[in-house]
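Asker: structure-v9.csv is reproduced in full below (CSV, C-alpha atoms).
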```
chain,number,residue,atom,x,y,z
V,1,MET,CA,-28.6,-11.1,-1.3
V,2,LYS,CA,-28.0,-14.9,-1.1
V,3,LYS,CA,-27.1,-15.0,-4.7
V,4,HIS,CA,-23.9,-13.0,-4.1
V,5,LEU,CA,-22.8,-14.8,-1.0
V,6,PRO,CA,-20.9,-17.6,-2.7
V,7,PHE,CA,-19.1,-15.2,-5.0
V,8,ALA,CA,-17.2,-13.1,-2.5
V,9,PHE,CA,-17.0,-15.9,0.0
V,10,VAL,CA,-15.3,-18.1,-2.6
V,11,LEU,CA,-13.0,-15.3,-3.6
V,12,LEU,CA,-11.7,-14.6,-0.1
V,13,LEU,CA,-11.7,-18.3,0.8
V,14,ALA,CA,-9.5,-18.8,-2.2
V,15,ALA,CA,-7.2,-16.1,-1.0
V,16,ALA,CA,-7.0,-17.7,2.5
V,17,ALA,CA,-6.4,-21.1,1.0
V,18,TYR,CA,-3.7,-19.6,-1.2
V,19,THR,CA,-2.1,-18.1,1.9
V,20,THR,CA,-2.0,-21.4,3.8
V,21,THR,CA,-1.1,-23.8,1.1
V,22,ILE,CA,0.1,-22.7,-2.3
V,23,THR,CA,2.5,-20.0,-0.9
V,24,GLY,CA,4.1,-22.5,1.5
V,25,GLY,CA,7.2,-22.4,-0.7
V,26,CYS,CA,7.2,-18.6,-0.8
V,27,ALA,CA,6.9,-18.5,3.0
V,28,SER,CA,10.1,-20.4,3.3
V,29,LEU,CA,11.8,-17.7,1.3
V,30,ALA,CA,10.1,-14.6,2.5
V,31,GLY,CA,8.7,-15.6,5.9
V,32,PRO,CA,5.2,-16.3,7.2
V,33,ARG,CA,4.2,-12.8,6.4
V,34,HIS,CA,4.2,-13.3,2.7
V,35,GLY,CA,1.1,-15.4,2.6
V,36,ALA,CA,-0.8,-12.9,4.7
V,37,THR,CA,0.5,-10.1,2.4
V,38,VAL,CA,-1.0,-11.9,-0.6
V,39,THR,CA,-4.4,-12.1,1.3
V,40,VAL,CA,-4.2,-8.4,2.1
V,41,VAL,CA,-3.5,-7.4,-1.5
V,42,ALA,CA,-6.2,-9.7,-2.8
V,43,ALA,CA,-8.8,-8.2,-0.4
V,44,HIS,CA,-7.7,-4.7,-1.2
V,45,SER,CA,-7.8,-5.3,-5.0
V,46,THR,CA,-11.3,-6.8,-4.8
V,47,LEU,CA,-12.6,-3.8,-2.8
V,48,SER,CA,-10.9,-1.4,-5.2
V,49,ALA,CA,-12.4,-3.0,-8.2
V,50,VAL,CA,-15.8,-2.9,-6.6
V,51,GLN,CA,-15.4,0.8,-5.7
V,52,ASP,CA,-14.1,1.7,-9.2
V,53,THR,CA,-16.9,-0.1,-11.0
V,54,GLU,CA,-19.6,1.2,-8.7
V,55,LEU,CA,-18.5,4.7,-9.5
V,56,LEU,CA,-19.0,4.0,-13.2
V,57,LEU,CA,-22.6,2.9,-12.5
V,58,VAL,CA,-23.9,6.0,-10.7
V,59,CYS,CA,-27.0,7.3,-12.4
V,60,GLU,CA,-26.4,10.2,-14.8
V,61,LYS,CA,-22.6,9.7,-14.8
V,62,PRO,CA,-21.2,9.5,-18.3
V,63,GLY,CA,-21.3,5.9,-19.5
V,64,ALA,CA,-23.6,4.7,-16.7
V,65,PRO,CA,-26.6,2.5,-17.8
V,66,ALA,CA,-30.1,4.0,-17.7
V,67,ALA,CA,-32.4,3.5,-14.7
V,68,PRO,CA,-33.3,1.0,-13.3
V,69,LEU,CA,-29.9,-0.6,-14.1
V,70,CYS,CA,-27.8,2.4,-12.7
V,71,VAL,CA,-27.1,3.0,-9.0
V,72,ASP,CA,-29.3,5.8,-7.8
V,73,ALA,CA,-28.1,8.5,-5.4
V,74,GLU,CA,-29.6,6.9,-2.3
V,75,LYS,CA,-28.0,3.5,-3.0
V,76,HIS,CA,-24.7,5.2,-4.0
V,77,LYS,CA,-24.5,6.9,-0.5
V,78,ALA,CA,-25.3,3.6,1.2
V,79,ILE,CA,-22.7,1.7,-0.8
V,80,SER,CA,-20.1,4.4,-0.2
V,81,ALA,CA,-20.7,4.3,3.5
V,82,LYS,CA,-20.2,0.6,3.5
V,83,LEU,CA,-17.0,0.9,1.4
V,84,ALA,CA,-15.7,3.6,3.8
V,85,THR,CA,-16.0,1.0,6.6
V,86,ALA,CA,-14.5,-1.7,4.4
V,87,PHE,CA,-11.4,0.4,3.5
V,88,ALA,CA,-10.9,1.3,7.2
V,89,LEU,CA,-10.8,-2.4,7.9
V,90,ASP,CA,-8.6,-2.9,4.9
V,91,GLY,CA,-6.1,-0.4,6.2
V,92,ASP,CA,-6.3,-2.0,9.7
V,93,LEU,CA,-5.6,-5.4,8.2
V,94,ALA,CA,-2.6,-4.2,6.3
V,95,ARG,CA,-1.2,-2.4,9.3
V,96,LEU,CA,-1.7,-5.5,11.5
V,97,VAL,CA,0.1,-7.8,9.0
V,98,ARG,CA,2.9,-5.2,8.6
V,99,ALA,CA,3.4,-5.0,12.4
V,100,VAL,CA,3.8,-8.7,13.0
V,101,PRO,CA,7.5,-9.8,13.2
V,102,LEU,CA,8.6,-11.7,10.1
V,103,ASP,CA,9.1,-15.0,11.9
V,104,GLN,CA,5.9,-14.9,13.9
V,105,PRO,CA,2.5,-16.5,12.8
V,106,GLN,CA,-0.3,-14.1,11.9
V,107,PRO,CA,-2.7,-13.3,14.7
V,108,PRO,CA,-6.4,-14.6,14.4
V,109,GLN,CA,-7.5,-11.0,13.9
V,110,VAL,CA,-6.3,-11.3,10.3
V,111,ALA,CA,-9.0,-13.9,9.5
V,112,GLU,CA,-11.6,-11.9,11.4
V,113,LEU,CA,-10.9,-8.7,9.4
V,114,VAL,CA,-10.9,-10.6,6.1
V,115,ALA,CA,-14.3,-12.1,7.0
V,116,ARG,CA,-15.7,-8.7,7.8
V,117,ILE,CA,-14.4,-7.3,4.5
V,118,ALA,CA,-15.9,-10.2,2.6
V,119,GLN,CA,-19.3,-9.6,4.3
V,120,ILE,CA,-19.2,-6.0,3.2
V,121,ILE,CA,-18.4,-7.0,-0.4
V,122,ASN,CA,-21.4,-9.3,-0.3
V,123,ASP,CA,-23.6,-6.5,1.0
V,124,VAL,CA,-22.3,-4.0,-1.6
V,125,LEU,CA,-22.8,-6.4,-4.5
V,126,ALA,CA,-26.3,-7.1,-3.3
V,127,LEU,CA,-27.1,-3.3,-3.5
V,128,ILE,CA,-25.8,-2.9,-7.1
V,129,PRO,CA,-28.6,-3.6,-9.7
V,130,LYS,CA,-28.1,-6.3,-12.3
V,131,SER,CA,-26.4,-4.8,-15.3
V,132,GLN,CA,-23.8,-5.8,-18.0
V,133,GLN,CA,-21.2,-3.8,-16.0
V,134,LYS,CA,-21.9,-5.7,-12.8
V,135,ALA,CA,-21.7,-9.0,-14.6
V,136,ALA,CA,-18.4,-8.0,-16.1
V,137,LEU,CA,-17.1,-7.0,-12.7
V,138,GLU,CA,-18.1,-10.4,-11.2
V,139,GLN,CA,-16.5,-12.2,-14.2
V,140,ASN,CA,-13.4,-10.0,-13.8
V,141,LEU,CA,-13.1,-10.8,-10.0
V,142,ALA,CA,-13.7,-14.5,-10.6
V,143,GLY,CA,-11.0,-14.5,-13.2
V,144,SER,CA,-8.5,-12.9,-10.8
V,145,LYS,CA,-8.7,-15.8,-8.4
D,1,MET,CA,-29.7,-13.2,-30.7
D,2,LEU,CA,-26.8,-10.7,-30.1
D,3,THR,CA,-26.7,-8.0,-32.7
D,4,PHE,CA,-23.3,-6.5,-33.8
D,5,ALA,CA,-24.1,-3.4,-31.9
D,6,ALA,CA,-24.8,-5.4,-28.7
D,7,ILE,CA,-21.5,-7.3,-29.1
D,8,ILE,CA,-19.6,-4.0,-29.5
D,9,GLN,CA,-21.3,-2.6,-26.4
D,10,TRP,CA,-20.4,-5.7,-24.4
D,11,ILE,CA,-16.8,-5.4,-25.4
D,12,THR,CA,-16.7,-1.7,-24.5
D,13,ILE,CA,-18.3,-2.3,-21.1
D,14,GLY,CA,-16.0,-5.3,-20.4
D,15,GLN,CA,-13.0,-3.2,-21.4
D,16,LYS,CA,-14.0,-0.3,-19.0
D,17,VAL,CA,-14.5,-2.7,-16.1
D,18,PHE,CA,-11.3,-4.5,-16.9
D,19,GLU,CA,-9.4,-1.2,-17.0
D,20,ALA,CA,-10.9,-0.1,-13.7
D,21,GLY,CA,-9.8,-3.3,-11.9
D,22,LYS,CA,-6.5,-3.9,-13.8
D,23,PRO,CA,-4.2,-1.8,-11.5
D,24,ALA,CA,-5.5,-3.6,-8.5
D,25,PHE,CA,-5.0,-7.0,-10.0
D,26,ASP,CA,-1.6,-6.1,-11.3
D,27,ALA,CA,-0.6,-5.4,-7.7
D,28,ILE,CA,-1.5,-9.0,-6.7
D,29,LYS,CA,0.7,-10.3,-9.5
D,30,SER,CA,3.7,-8.2,-8.6
D,31,VAL,CA,3.5,-9.4,-4.9
D,32,LEU,CA,3.2,-13.0,-6.0
D,33,ALA,CA,6.1,-12.6,-8.4
D,34,ALA,CA,8.5,-10.8,-6.1
D,35,HIS,CA,8.8,-13.3,-3.1
D,36,THR,CA,10.9,-10.9,-1.1
D,37,ILE,CA,10.4,-9.3,2.3
D,38,GLU,CA,11.0,-5.8,0.8
D,39,ALA,CA,8.4,-6.4,-1.9
D,40,ASP,CA,5.9,-7.5,0.8
D,41,THR,CA,6.6,-4.5,2.9
D,42,ASP,CA,6.3,-2.2,-0.1
D,43,ALA,CA,3.0,-3.8,-1.1
D,44,LEU,CA,1.6,-3.4,2.5
D,45,ASP,CA,2.6,0.2,2.6
D,46,LYS,CA,0.9,0.8,-0.8
D,47,VAL,CA,-2.3,-0.9,0.5
D,48,ILE,CA,-2.3,1.3,3.6
D,49,GLU,CA,-1.8,4.4,1.6
D,50,ASP,CA,-4.4,3.5,-1.0
D,51,ALA,CA,-6.9,2.2,1.6
D,52,ASP,CA,-6.7,5.6,3.3
D,53,ARG,CA,-7.2,7.4,0.0
D,54,ARG,CA,-10.2,5.3,-1.0
D,55,LYS,CA,-11.7,5.5,2.5
D,56,ALA,CA,-11.6,9.3,2.2
D,57,LEU,CA,-13.2,9.1,-1.3
D,58,ALA,CA,-15.9,6.8,-0.1
D,59,GLU,CA,-16.7,9.1,2.9
D,60,HIS,CA,-16.9,12.0,0.5
D,61,GLU,CA,-19.3,10.1,-1.8
D,62,ALA,CA,-21.4,8.9,1.2
D,63,GLY,CA,-21.8,12.5,2.2
D,64,SER,CA,-22.4,14.0,-1.2
```
Is it possible to give me this structure as structure tokens?
Answerer:
Amino acid sequence: MKKHLPFAFVLLLAAAAYTTTITGGCASLAGPRHGATVTVVAAHSTLSAVQDTELLLVCEKPGAPAAPLCVDAEKHKAISAKLATAFALDGDLARLVRAVPLDQPQPPQVAELVARIAQIINDVLALIPKSQQKAALEQNLAGSK
Amino acid sequence: MLTFAAIIQWITIGQKVFEAGKPAFDAIKSVLAAHTIEADTDALDKVIEDADRRKALAEHEAGS
């Protein structure tokens, strides 16, 4: 599990850093909400890519690798339950950011929700067996930073 | 040493994963490029809608 911690952590940390620093110029044009919007979209995109890829890896699905590299039914259910929680938090995060007035700073709950989503991404990645597809997913996510 | 078949397999797998994630990453790029309040609101609405859809899919898969 530890092996995956830096990956998603760095990914979401990069999104948070982007929000507070690089988009400073954007914020002056579109308001403080712009940086938070980028973070929301980054978190949602990461979760979506994880879900789409995991669905390709379920054992006996066309194109899935053979056992033990595929995701068996038990793990698939466990991963899906975690992803359901993550997407619920993801929706809450987007609703929260949307509800804040444009000229107001983002509430601390934004960072809390992002941290909870990052933890679930770590947990899900830890459940997916090593495979070429998983390596490609990690490379793809790292390349999107 | 990588055989030709292994290289082709890697390219195919990489392409599938890339295609799976591409719409999501394109969404980030469009938000970054727009820099407008309307584009941000539109992006948040799309995230809310897609998060609800994906949550339902995950719940279905968790129960299947």
Asker: Taking all atoms listed in the file into account, name the residue in V:Ala126, V:Leu55, V:Val114, V:Val41 that is nearest to chain D.
Answerer: V:Val41
Asker: Could you pull out every residue with an atom within 8 Å of (4.4, -15.6, 10.3), file coordinates, counting all atoms listed in the file, and send them as a VMD selection string?
Answerer: chain V and resid 31 to 34 100 to 106
Asker: CA of Ile48 (chain D) and CA of Gly91 (chain V) are how many Å apart?
Answerer: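 Taking CA of Ile48 (chain D) and CA of Gly91 (chain V), their separation equals 4.9 Å.
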Asker: Around (-14.6, -5.7, 6.7), as given in the file, which residues come within 8 Å? Count only C-alpha atoms and list them as a ChimeraX atom specification.
Answerer: /V:85-90,113-120
Asker: May I ask for the distance between CA of Ser80 (chain V) and CA of Lys61 (chain V), given in Å to one decimal place?
Answerer: 15.7 Å
Asker: What are the residues of chain V lining chain D at 7 Å or less? Count all atoms listed in the file, and put the answer as a ChimeraX atom specification.
Answerer: /V:26,29-30,34,37-38,41-42,44-45,48-49,52-53,77-78,80-81,83-84,87-88,90-91,94-95,98,133,136-137,140,144
Asker: Provide the CA of Asp123 (chain V) to CA of Glu138 (chain V) distance in Å, to one decimal place.
Answerer: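 About the pair CA of Asp123 (chain V) and CA of Glu138 (chain V): they are 13.9 Å apart.
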